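Structure file structure08.cif; described as mmCIF, C-alpha atoms.
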```
data_my_file
loop_
_atom_site.group_PDB
_atom_site.id
_atom_site.type_symbol
_atom_site.label_atom_id
_atom_site.label_comp_id
_atom_site.auth_asym_id
_atom_site.auth_seq_id
_atom_site.Cartn_x
_atom_site.Cartn_y
_atom_site.Cartn_z
ATOM 1 C CA MET F 1 12.541 81.477 108.856
ATOM 2 C CA ASN F 2 14.245 83.452 111.612
ATOM 3 C CA ASP F 3 17.486 82.288 113.191
ATOM 4 C CA VAL F 4 17.480 80.864 116.689
ATOM 5 C CA CYS F 5 20.071 81.503 119.380
ATOM 6 C CA ILE F 6 22.645 78.741 119.375
ATOM 7 C CA ASN F 7 22.544 78.702 123.163
ATOM 8 C CA ALA F 8 20.205 75.790 123.978
ATOM 9 C CA ALA F 9 19.428 77.351 127.342
ATOM 10 C CA CYS F 10 18.251 80.568 125.656
ATOM 11 C CA GLY F 11 16.527 79.270 122.529
ATOM 12 C CA GLN F 12 15.114 82.704 121.656
ATOM 13 C CA PRO F 13 14.238 83.328 118.025
ATOM 14 C CA LEU F 14 16.304 85.994 116.301
ATOM 15 C CA PRO F 15 14.733 88.126 113.568
ATOM 16 C CA LEU F 16 18.148 88.705 111.893
ATOM 17 C CA ARG F 17 21.538 87.015 111.921
ATOM 18 C CA VAL F 18 23.592 88.815 114.573
ATOM 19 C CA ALA F 19 27.063 88.360 116.047
ATOM 20 C CA HIS F 20 25.818 88.066 119.666
ATOM 21 C CA CYS F 21 22.440 87.110 121.040
ATOM 22 C CA PRO F 22 20.628 90.222 122.402
ATOM 23 C CA PHE F 23 19.030 88.055 125.146
ATOM 24 C CA CYS F 24 21.925 85.990 126.525
ATOM 25 C CA GLY F 25 24.957 87.530 124.811
ATOM 26 C CA ALA F 26 26.168 84.196 123.392
ATOM 27 C CA ARG F 27 28.382 84.455 120.274
ATOM 28 C CA GLN F 28 26.379 83.363 117.255
ATOM 29 C CA LEU F 29 29.224 82.917 114.727
ATOM 30 C CA ALA F 30 31.335 79.741 114.697
ATOM 31 C CA GLN F 31 35.046 80.134 115.315
ATOM 32 C CA ALA F 32 37.335 79.887 112.303
ATOM 33 C CA PRO F 33 39.240 76.624 112.076
ATOM 34 C CA VAL F 34 42.905 76.762 112.988
ATOM 35 C CA LEU F 35 45.197 76.004 110.074
ATOM 36 C CA GLU F 36 48.533 74.413 110.610
ATOM 37 C CA LYS F 37 50.453 76.830 108.345
ATOM 38 C CA ALA F 38 49.147 79.517 106.038
ATOM 39 C CA VAL F 39 50.893 82.198 104.111
ATOM 40 C CA ALA F 40 49.775 85.565 105.354
ATOM 41 C CA PRO F 41 48.370 87.738 102.566
ATOM 42 C CA PRO F 42 49.710 91.248 102.181
ATOM 43 C CA PRO F 43 48.230 93.588 104.747
ATOM 44 C CA VAL F 44 45.054 95.314 103.623
ATOM 45 C CA PRO F 45 44.148 98.589 105.195
ATOM 46 C CA GLN F 46 41.267 97.963 107.537
ATOM 47 C CA VAL F 47 38.243 100.174 107.412
ATOM 48 C CA PRO F 48 36.530 100.512 110.749
ATOM 49 C CA VAL F 49 33.164 98.824 110.622
ATOM 50 C CA ALA F 50 30.339 100.096 112.775
ATOM 51 C CA PRO F 51 29.085 97.482 115.249
ATOM 52 C CA PRO F 52 25.652 96.067 114.468
ATOM 53 C CA ILE F 53 22.770 97.931 116.048
ATOM 54 C CA PRO F 54 20.599 95.617 118.137
ATOM 55 C CA ILE F 55 16.937 95.683 117.107
ATOM 56 C CA PRO F 56 14.440 95.637 119.968
ATOM 57 C CA MET F 57 12.302 92.557 119.834
ATOM 58 C CA PRO F 58 8.681 92.435 120.988
ATOM 59 C CA GLN F 59 8.293 90.968 124.440
ATOM 60 C CA PRO F 60 6.413 87.666 124.478
ATOM 61 C CA ALA F 61 3.198 87.290 126.338
ATOM 62 C CA PRO F 62 3.513 86.512 130.061
ATOM 63 C CA GLN F 63 3.445 82.818 130.735
ATOM 64 C CA PRO F 64 2.241 80.955 133.747
ATOM 65 C CA ALA F 65 4.658 80.789 136.587
ATOM 66 C CA THR F 66 7.122 78.045 136.207
ATOM 67 C CA ALA F 67 10.377 77.136 137.717
ATOM 68 C CA PRO F 68 13.028 79.729 136.997
ATOM 69 C CA ALA F 69 15.261 78.778 134.129
ATOM 70 C CA PRO F 70 18.953 78.529 134.912
ATOM 71 C CA LYS F 71 20.975 81.538 133.820
ATOM 72 C CA PRO F 72 22.950 80.689 130.726
ATOM 73 C CA VAL F 73 26.697 80.584 131.290
ATOM 74 C CA PRO F 74 28.752 81.889 128.431
ATOM 75 C CA PRO F 75 31.136 79.291 127.054
ATOM 76 C CA ALA F 76 34.749 79.573 128.127
ATOM 77 C CA PRO F 77 36.968 81.066 125.475
ATOM 78 C CA ALA F 78 38.857 78.463 123.553
ATOM 79 C CA ALA F 79 42.583 78.268 124.205
ATOM 80 C CA PRO F 80 44.656 79.691 121.365
ATOM 81 C CA ALA F 81 45.965 77.043 119.073
ATOM 82 C CA LYS F 82 49.704 76.425 119.309
ATOM 83 C CA ALA F 83 51.773 77.188 116.255
ATOM 84 C CA PRO F 84 53.250 74.087 114.648
ATOM 85 C CA PRO F 85 56.955 73.579 115.390
ATOM 86 C CA ALA F 86 59.311 74.971 112.783
ATOM 87 C CA LYS F 87 60.657 72.384 110.479
ATOM 88 C CA PRO F 88 64.454 72.025 110.400
ATOM 89 C CA ALA F 89 66.147 73.388 107.311
ATOM 90 C CA GLY F 90 66.753 70.800 104.660
ATOM 91 C CA LYS F 91 70.246 69.616 103.848
ATOM 92 C CA GLY F 92 69.993 71.075 100.373
ATOM 93 C CA SER F 93 70.030 74.683 101.672
ATOM 94 C CA VAL F 94 73.567 74.406 103.181
ATOM 95 C CA PRO F 95 76.302 75.278 100.583
ATOM 96 C CA PRO F 96 78.843 72.532 99.986
ATOM 97 C CA PRO F 97 82.319 73.036 101.520
ATOM 98 C CA ARG F 98 84.844 74.842 99.245
ATOM 99 C CA PRO F 99 87.723 72.653 98.057
ATOM 100 C CA PRO F 100 91.215 73.669 99.291
ATOM 101 C CA VAL F 101 93.424 75.829 97.044
ATOM 102 C CA ARG F 102 96.068 73.760 95.302
ATOM 103 C CA LEU F 103 99.792 74.472 95.471
ATOM 104 C CA ARG F 104 100.095 75.152 91.756
ATOM 105 C CA THR F 105 97.426 77.839 92.094
ATOM 106 C CA TRP F 106 99.513 79.620 94.765
ATOM 107 C CA ILE F 107 102.631 79.349 92.568
ATOM 108 C CA ALA F 108 100.804 80.778 89.563
ATOM 109 C CA ALA F 109 99.473 83.662 91.654
ATOM 110 C CA ALA F 110 102.974 84.392 92.993
ATOM 111 C CA VAL F 111 104.401 84.457 89.453
ATOM 112 C CA VAL F 112 101.684 86.825 88.269
ATOM 113 C CA LEU F 113 102.175 89.178 91.222
ATOM 114 C CA THR F 114 105.940 89.180 90.682
ATOM 115 C CA GLY F 115 105.492 90.088 87.038
ATOM 116 C CA ILE F 116 103.113 92.904 87.936
ATOM 117 C CA TRP F 117 105.602 94.254 90.481
ATOM 118 C CA PHE F 118 108.484 94.232 87.993
ATOM 119 C CA TYR F 119 106.300 95.929 85.384
ATOM 120 C CA ASN F 120 105.018 98.613 87.734
ATOM 121 C CA LYS F 121 108.021 98.976 90.036
ATOM 122 C CA PRO F 122 109.014 102.560 90.721
ATOM 123 C CA ALA F 123 111.733 104.034 88.603
ATOM 124 C CA ASP F 124 115.198 104.513 90.023
ATOM 125 C CA LYS F 125 115.562 107.518 92.218
ATOM 126 C CA PRO F 126 116.977 110.574 90.435
ATOM 127 C CA ALA F 127 120.665 111.246 90.780
ATOM 128 C CA SER F 128 121.727 113.672 93.457
ATOM 129 C CA VAL F 129 123.251 117.053 92.671
ATOM 130 C CA ALA F 130 126.734 115.799 93.558
ATOM 131 C CA GLU F 131 126.385 112.854 91.178
ATOM 132 C CA GLN F 132 125.231 115.128 88.362
ATOM 133 C CA VAL F 133 128.222 117.411 88.947
ATOM 134 C CA GLU F 134 130.608 114.437 88.833
ATOM 135 C CA ALA F 135 129.077 113.197 85.578
ATOM 136 C CA ALA F 136 129.295 116.642 83.976
ATOM 137 C CA THR F 137 132.917 117.014 85.138
ATOM 138 C CA ALA F 138 133.764 113.696 83.486
ATOM 139 C CA LEU F 139 132.195 114.907 80.235
ATOM 140 C CA ALA F 140 134.283 118.076 80.374
ATOM 141 C CA ALA F 141 137.453 116.053 80.973
ATOM 142 C CA GLN F 142 136.627 114.038 77.828
ATOM 143 C CA CYS F 143 136.300 117.321 75.884
ATOM 144 C CA ASP F 144 132.528 116.894 75.586
ATOM 145 C CA LEU F 145 132.043 120.538 76.489
ATOM 146 C CA ASP F 146 128.553 120.770 74.984
ATOM 147 C CA GLY F 147 127.288 117.970 77.212
ATOM 148 C CA ALA F 148 128.939 119.492 80.288
ATOM 149 C CA ARG F 149 127.424 122.923 79.581
ATOM 150 C CA SER F 150 123.981 121.361 79.089
ATOM 151 C CA ALA F 151 124.256 119.681 82.504
ATOM 152 C CA LEU F 152 125.292 123.016 84.008
ATOM 153 C CA ALA F 153 122.191 124.694 82.555
ATOM 154 C CA VAL F 154 119.978 121.964 84.024
ATOM 155 C CA LEU F 155 121.510 122.421 87.471
ATOM 156 C CA LYS F 156 121.016 126.177 87.293
ATOM 157 C CA SER F 157 117.346 125.786 86.335
ATOM 158 C CA ALA F 158 116.892 123.332 89.212
ATOM 159 C CA LYS F 159 118.403 125.903 91.617
ATOM 160 C CA ALA F 160 121.231 123.633 92.718
ATOM 161 C CA PRO F 161 123.567 124.829 95.494
ATOM 162 C CA ALA F 162 125.847 127.661 94.428
ATOM 163 C CA ALA F 163 128.970 125.790 95.550
ATOM 164 C CA GLN F 164 128.217 122.867 93.227
ATOM 165 C CA ILE F 165 127.495 125.162 90.275
ATOM 166 C CA LYS F 166 130.717 127.110 90.880
ATOM 167 C CA ARG F 167 132.697 123.874 91.052
ATOM 168 C CA LEU F 168 131.293 122.649 87.739
ATOM 169 C CA GLN F 169 131.926 126.003 86.057
ATOM 170 C CA ALA F 170 135.584 125.892 87.130
ATOM 171 C CA SER F 171 135.954 122.352 85.761
ATOM 172 C CA ILE F 172 134.447 123.360 82.425
ATOM 173 C CA THR F 173 136.712 126.405 82.147
ATOM 174 C CA LYS F 174 139.824 124.360 82.918
ATOM 175 C CA SER F 175 138.848 121.577 80.546
ATOM 176 C CA ALA F 176 138.019 124.071 77.800
ATOM 177 C CA ALA F 177 141.571 125.433 77.850
ATOM 178 C CA ALA F 178 143.084 121.942 77.877
ATOM 179 C CA CYS F 179 140.769 120.722 75.125
ATOM 180 C CA ASP F 180 141.572 123.746 72.987
ATOM 181 C CA LYS F 181 145.282 123.054 73.346
ATOM 182 C CA GLN F 182 144.703 119.386 72.611
ATOM 183 C CA GLN F 183 142.793 120.279 69.462
ATOM 184 C CA GLN F 184 145.554 122.616 68.297
ATOM 185 C CA ARG F 185 148.174 119.909 68.904
ATOM 186 C CA ALA F 186 146.132 117.401 66.931
ATOM 187 C CA GLN F 187 145.987 119.803 64.011
ATOM 188 C CA ALA F 188 149.729 120.472 64.258
ATOM 189 C CA TRP F 189 150.470 116.751 64.396
ATOM 190 C CA THR F 190 148.502 116.139 61.221
ATOM 191 C CA ALA F 191 150.386 118.879 59.456
ATOM 192 C CA LEU F 192 153.755 117.524 60.718
ATOM 193 C CA GLN F 193 153.067 114.041 59.430
ATOM 194 C CA ASP F 194 152.394 115.396 55.963
ATOM 195 C CA SER F 195 155.504 117.609 55.912
ATOM 196 C CA VAL F 196 157.805 114.861 57.220
ATOM 197 C CA LYS F 197 156.538 112.445 54.612
ATOM 198 C CA GLN F 198 157.155 114.959 51.858
ATOM 199 C CA ALA F 199 160.712 115.554 53.076
ATOM 200 C CA LEU F 200 161.523 111.856 53.295
ATOM 201 C CA ASP F 201 160.061 111.185 49.861
ATOM 202 C CA ALA F 202 162.237 113.966 48.505
ATOM 203 C CA GLY F 203 165.346 112.370 50.055
ATOM 204 C CA LYS F 204 165.793 115.123 52.620
ATOM 205 C CA PRO F 205 165.836 113.337 55.990
ATOM 206 C CA ASP F 206 167.635 116.219 57.684
ATOM 207 C CA LEU F 207 164.771 118.568 56.756
ATOM 208 C CA ALA F 208 162.272 116.062 58.166
ATOM 209 C CA ALA F 209 164.301 115.885 61.388
ATOM 210 C CA THR F 210 164.306 119.697 61.657
ATOM 211 C CA ARG F 211 160.506 119.908 61.305
ATOM 212 C CA LEU F 212 160.047 117.181 63.896
ATOM 213 C CA ALA F 213 162.355 118.951 66.339
ATOM 214 C CA ILE F 214 160.307 122.171 66.032
ATOM 215 C CA TYR F 215 157.091 120.276 66.790
ATOM 216 C CA VAL F 216 158.584 118.509 69.839
ATOM 217 C CA LYS F 217 159.945 121.777 71.218
ATOM 218 C CA ARG F 218 156.424 123.280 71.227
ATOM 219 C CA TRP F 219 154.191 120.326 72.042
ATOM 220 C CA GLY F 220 156.507 117.850 73.735
ATOM 221 C CA ASP F 221 157.236 114.196 73.099
ATOM 222 C CA ASP F 222 154.715 111.375 73.109
ATOM 223 C CA PRO F 223 154.706 107.813 71.733
ATOM 224 C CA ASP F 224 153.711 109.078 68.293
ATOM 225 C CA THR F 225 156.611 111.563 68.060
ATOM 226 C CA LEU F 226 159.098 108.942 69.301
ATOM 227 C CA GLU F 227 157.963 106.505 66.627
ATOM 228 C CA LEU F 228 158.251 109.174 63.941
ATOM 229 C CA ASP F 229 161.692 110.176 65.251
ATOM 230 C CA ALA F 230 162.939 106.592 64.886
ATOM 231 C CA LYS F 231 161.711 106.530 61.310
ATOM 232 C CA VAL F 232 163.509 109.788 60.522
ATOM 233 C CA LYS F 233 166.769 108.590 62.105
ATOM 234 C CA VAL F 234 166.717 105.409 60.044
ATOM 235 C CA ALA F 235 166.367 107.572 56.954
ATOM 236 C CA GLN F 236 169.282 109.778 58.058
ATOM 237 C CA ALA F 237 171.527 106.774 58.803
ATOM 238 C CA SER F 238 170.579 105.190 55.493
ATOM 239 C CA ALA F 239 171.553 108.398 53.712
ATOM 240 C CA GLN F 240 175.013 108.288 55.331
ATOM 241 C CA LEU F 241 175.450 104.636 54.339
ATOM 242 C CA ASP F 242 174.460 105.529 50.781
ATOM 243 C CA LEU F 243 177.195 108.169 50.848
ATOM 244 C CA ALA F 244 179.651 105.553 52.198
ATOM 245 C CA ASP F 245 178.822 103.252 49.289
ATOM 246 C CA ALA F 246 179.635 106.101 46.921
ATOM 247 C CA CYS F 247 182.929 106.746 48.710
ATOM 248 C CA LEU F 248 183.832 103.050 48.507
ATOM 249 C CA ALA F 249 183.123 103.022 44.808
ATOM 250 C CA ARG F 250 185.569 105.901 44.343
ATOM 251 C CA GLY F 251 188.120 104.231 46.634
ATOM 252 C CA ASP F 252 188.014 107.252 48.932
ATOM 253 C CA ARG F 253 189.006 105.771 52.242
ATOM 254 C CA VAL F 254 188.633 108.992 54.242
ATOM 255 C CA CYS F 255 185.158 109.721 52.867
ATOM 256 C CA LEU F 256 184.097 106.129 53.560
ATOM 257 C CA GLU F 257 185.289 106.256 57.146
ATOM 258 C CA ASN F 258 183.598 109.620 57.854
ATOM 259 C CA SER F 259 180.283 108.398 56.406
ATOM 260 C CA LEU F 260 180.391 105.228 58.521
ATOM 261 C CA ILE F 261 181.071 107.237 61.674
ATOM 262 C CA ALA F 262 178.106 109.543 60.892
ATOM 263 C CA ALA F 263 175.794 106.575 60.271
ATOM 264 C CA GLU F 264 176.826 104.790 63.469
ATOM 265 C CA ARG F 265 175.893 107.858 65.563
ATOM 266 C CA TYR F 266 172.177 107.151 64.964
ATOM 267 C CA LYS F 267 172.533 103.661 66.545
ATOM 268 C CA ARG F 268 169.896 102.019 64.435
ATOM 269 C CA PRO F 269 169.924 98.233 64.847
ATOM 270 C CA GLU F 270 167.991 97.935 61.598
ATOM 271 C CA LEU F 271 171.157 98.988 59.719
ATOM 272 C CA ALA F 272 173.719 96.978 61.725
ATOM 273 C CA ALA F 273 174.358 94.374 59.005
ATOM 274 C CA ARG F 274 174.874 96.985 56.303
ATOM 275 C CA THR F 275 177.165 99.021 58.531
ATOM 276 C CA GLN F 276 179.311 95.958 59.322
ATOM 277 C CA ALA F 277 179.683 95.138 55.643
ATOM 278 C CA LEU F 278 180.948 98.650 54.903
ATOM 279 C CA ARG F 279 183.371 98.379 57.843
ATOM 280 C CA THR F 280 184.846 95.239 56.311
ATOM 281 C CA ALA F 281 185.156 96.999 52.989
ATOM 282 C CA LEU F 282 186.900 99.886 54.698
ATOM 283 C CA SER F 283 189.456 97.481 56.256
ATOM 284 C CA GLN F 284 190.204 95.898 52.899
ATOM 285 C CA LEU F 285 190.600 99.315 51.358
ATOM 286 C CA LEU F 286 193.018 100.264 54.099
ATOM 287 C CA GLU F 287 195.114 97.125 53.503
ATOM 288 C CA ARG F 288 195.345 97.855 49.795
ATOM 289 C CA SER F 289 196.389 101.389 50.558
ATOM 290 C CA LEU F 290 199.182 100.172 52.822
ATOM 291 C CA LEU F 291 200.401 97.680 50.205
ATOM 292 C CA ASP F 292 200.426 100.353 47.559
ATOM 293 C CA ALA F 293 202.396 102.654 49.879
ATOM 294 C CA SER F 294 205.259 100.064 50.305
ATOM 295 C CA PRO F 295 205.778 98.212 46.972
ATOM 296 C CA GLY F 296 209.200 96.798 48.062
ATOM 297 C CA GLN F 297 207.706 94.769 50.823
#
```

Please rewrite the model in this file as C-alpha cells.
Amino acid sequence: MNDVCINAACGQPLPLRVAHCPFCGARQLAQAPVLEKAVAPPPVPQVPVAPPIPIPMPQPAPQPATAPAPKPVPPAPAAPAKAPPAKPAGKGSVPPPRPPVRLRTWIAAAVVLTGIWFYNKPADKPASVAEQVEAATALAAQCDLDGARSALAVLKSAKAPAAQIKRLQASITKSAAACDKQQQRAQAWTALQDSVKQALDAGKPDLAATRLAIYVKRWGDDPDTLELDAKVKVAQASAQLDLADACLARGDRVCLENSLIAAERYKRPELAARTQALRTALSQLLERSLLDASPGQ
C-alpha cells in the first residue's frame, strides 16, 4: 500500500516514502523528540547525501467541476526547545578547607632550615696578602724558617705585590741570622753545662768559674747563666771554708783568717752559719795565742 500525504488538505497518495510531498511540499517525516539532556556522541564525518529525486506521478483523470479546494498552508516551524537549566554543582565537588599550620610545625621548619644553613654556609673568606705576610713573619720569628719559606713560595705563585714579598724576604733573612746564632748558643750552653759539672765534680770550682766566664763574655748573661754562676760561687766559697777548717786544725791563725776573708768575698748566704762558726774559732785561737805570748799575766 502506498503512503499518503500527511497533509489532510492534500491527501494525495505517494508511491514511495519521501521527505516532502511533491504536491503540497508538506514535510512527511515526524520531528525528533527533544531530550532533556543527552551526551553528544563523538563527531562522525558526514558524507554528503544526494537529495531524493522526485518521481513524476501520473495525473489523475479530470473530475467534474467542484468548488476550489483551499490551498494547503505549510505548518509553522516549531520553536526550538529550550535547553534545561544547568544544575548547580554539588557540595561534594568543593575541596574541604585546609587546616591552619600549627606553631610546632613552623618551629620544626625553622630548626631544619637553620641546620641546613650551618651545614652549607660558605667557608670563611681567604686571608688577605697582608695577613699571610704577618703569619709568615711570626713563623720566622719563632725560627720556623721552613714554614715561613713555604708561605713565601705560595705568595710568589699567587703573584702577590712585590712590596709584600720583599718585606717577607727581609724578615726571613733577619730571622735566619738570629736563629742561627740562637742555635749556636744553645749548643754552646749544652757543652758548658757538661764541662762545668765535670770541673765541680773534680773539686776544681775555679776552673768551672773560668769556663763560665768565657761563655758569658761571648754570649752574654741570662737567667740560666746567673743560676749556674751562683752554683759555682757556692762551690768556690765552700772550698775556701774547707781550707779554713784545715788551717784551724793546724792552729794556723793566719791561714784561717785569710781563708775566711776569701770565702766571705763570695757573699753566699747559704754558707753564713758555717762562716760564723769559723770566725768564732778564729777568735778563740787568737785569745790562746795572746795568752801563750804573755805567760806571766

### Message
Please report the interatomic distance between CA of Arg288 in chain F and CA of Arg274 in chain F in Å with one decimal.
### Response
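Between CA of Arg288 in chain F and CA of Arg274 in chain F the gap is 21.5 Å.
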
If I take CA of Cys21 in chain F and CA of Cys5 in chain F, how far is one from the other in Å, to one decimal?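 These atoms are spaced 6.3 Å apart.
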
What would the selection look like, as a PyMOL selection string, if the PyMOL selection byres ((chain F and resi 271) around 12) were run on the coordinates I just shared? chain F and resi 233-242+260+263-270+272-278

| query | From the set F:Ala199, F:Leu290, F:Leu192, F:Ala244, which residue has the shortest atom-to-atom contact distance to Ala213 in chain F, counting only C-alpha atoms? | reply |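 That would be F:Leu192, the residue with the smallest distance to Ala213 in chain F.
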
I would like the residues chosen by the PyMOL selection byres ((chain F and resi 193) around 12) on the shown file; could you give them as a PDB file with C-alpha atoms, keeping the file's coordinate frame?
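What ended up in expr08.pdb:
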```
ATOM      1  CA  ALA F 186     146.132 117.401  66.931  1.00  0.00           C
ATOM      2  CA  GLN F 187     145.987 119.803  64.011  1.00  0.00           C
ATOM      3  CA  ALA F 188     149.729 120.472  64.258  1.00  0.00           C
ATOM      4  CA  TRP F 189     150.470 116.751  64.396  1.00  0.00           C
ATOM      5  CA  THR F 190     148.502 116.139  61.221  1.00  0.00           C
ATOM      6  CA  ALA F 191     150.386 118.879  59.456  1.00  0.00           C
ATOM      7  CA  LEU F 192     153.755 117.524  60.718  1.00  0.00           C
ATOM      8  CA  ASP F 194     152.394 115.396  55.963  1.00  0.00           C
ATOM      9  CA  SER F 195     155.504 117.609  55.912  1.00  0.00           C
ATOM     10  CA  VAL F 196     157.805 114.861  57.220  1.00  0.00           C
ATOM     11  CA  LYS F 197     156.538 112.445  54.612  1.00  0.00           C
ATOM     12  CA  GLN F 198     157.155 114.959  51.858  1.00  0.00           C
ATOM     13  CA  ALA F 199     160.712 115.554  53.076  1.00  0.00           C
ATOM     14  CA  LEU F 200     161.523 111.856  53.295  1.00  0.00           C
ATOM     15  CA  ALA F 208     162.272 116.062  58.166  1.00  0.00           C
ATOM     16  CA  ALA F 209     164.301 115.885  61.388  1.00  0.00           C
ATOM     17  CA  ARG F 211     160.506 119.908  61.305  1.00  0.00           C
ATOM     18  CA  LEU F 212     160.047 117.181  63.896  1.00  0.00           C
ATOM     19  CA  TYR F 215     157.091 120.276  66.790  1.00  0.00           C
ATOM     20  CA  ASP F 224     153.711 109.078  68.293  1.00  0.00           C
ATOM     21  CA  THR F 225     156.611 111.563  68.060  1.00  0.00           C
ATOM     22  CA  GLU F 227     157.963 106.505  66.627  1.00  0.00           C
ATOM     23  CA  LEU F 228     158.251 109.174  63.941  1.00  0.00           C
ATOM     24  CA  ASP F 229     161.692 110.176  65.251  1.00  0.00           C
ATOM     25  CA  LYS F 231     161.711 106.530  61.310  1.00  0.00           C
ATOM     26  CA  VAL F 232     163.509 109.788  60.522  1.00  0.00           C
TER      27      VAL F 232
END
```

- CA of Ile165 in chain F to CA of Ala153 in chain F, distance in Å rounded to a single decimal: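 It comes out at 9.4 Å.
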
Note to self: Could you tell me, as a count of residues only, exactly which residues end up selected when the PyMOL selection byres ((chain F and resi 168) around 10) is applied to this structure?
What the structure shows: 24

Within 8 Å of range 279-282 of chain F using only C-alpha atoms, minus same-chain residues under 6 positions, as number ranges by chain
F: 248, 253, 256-257, 260
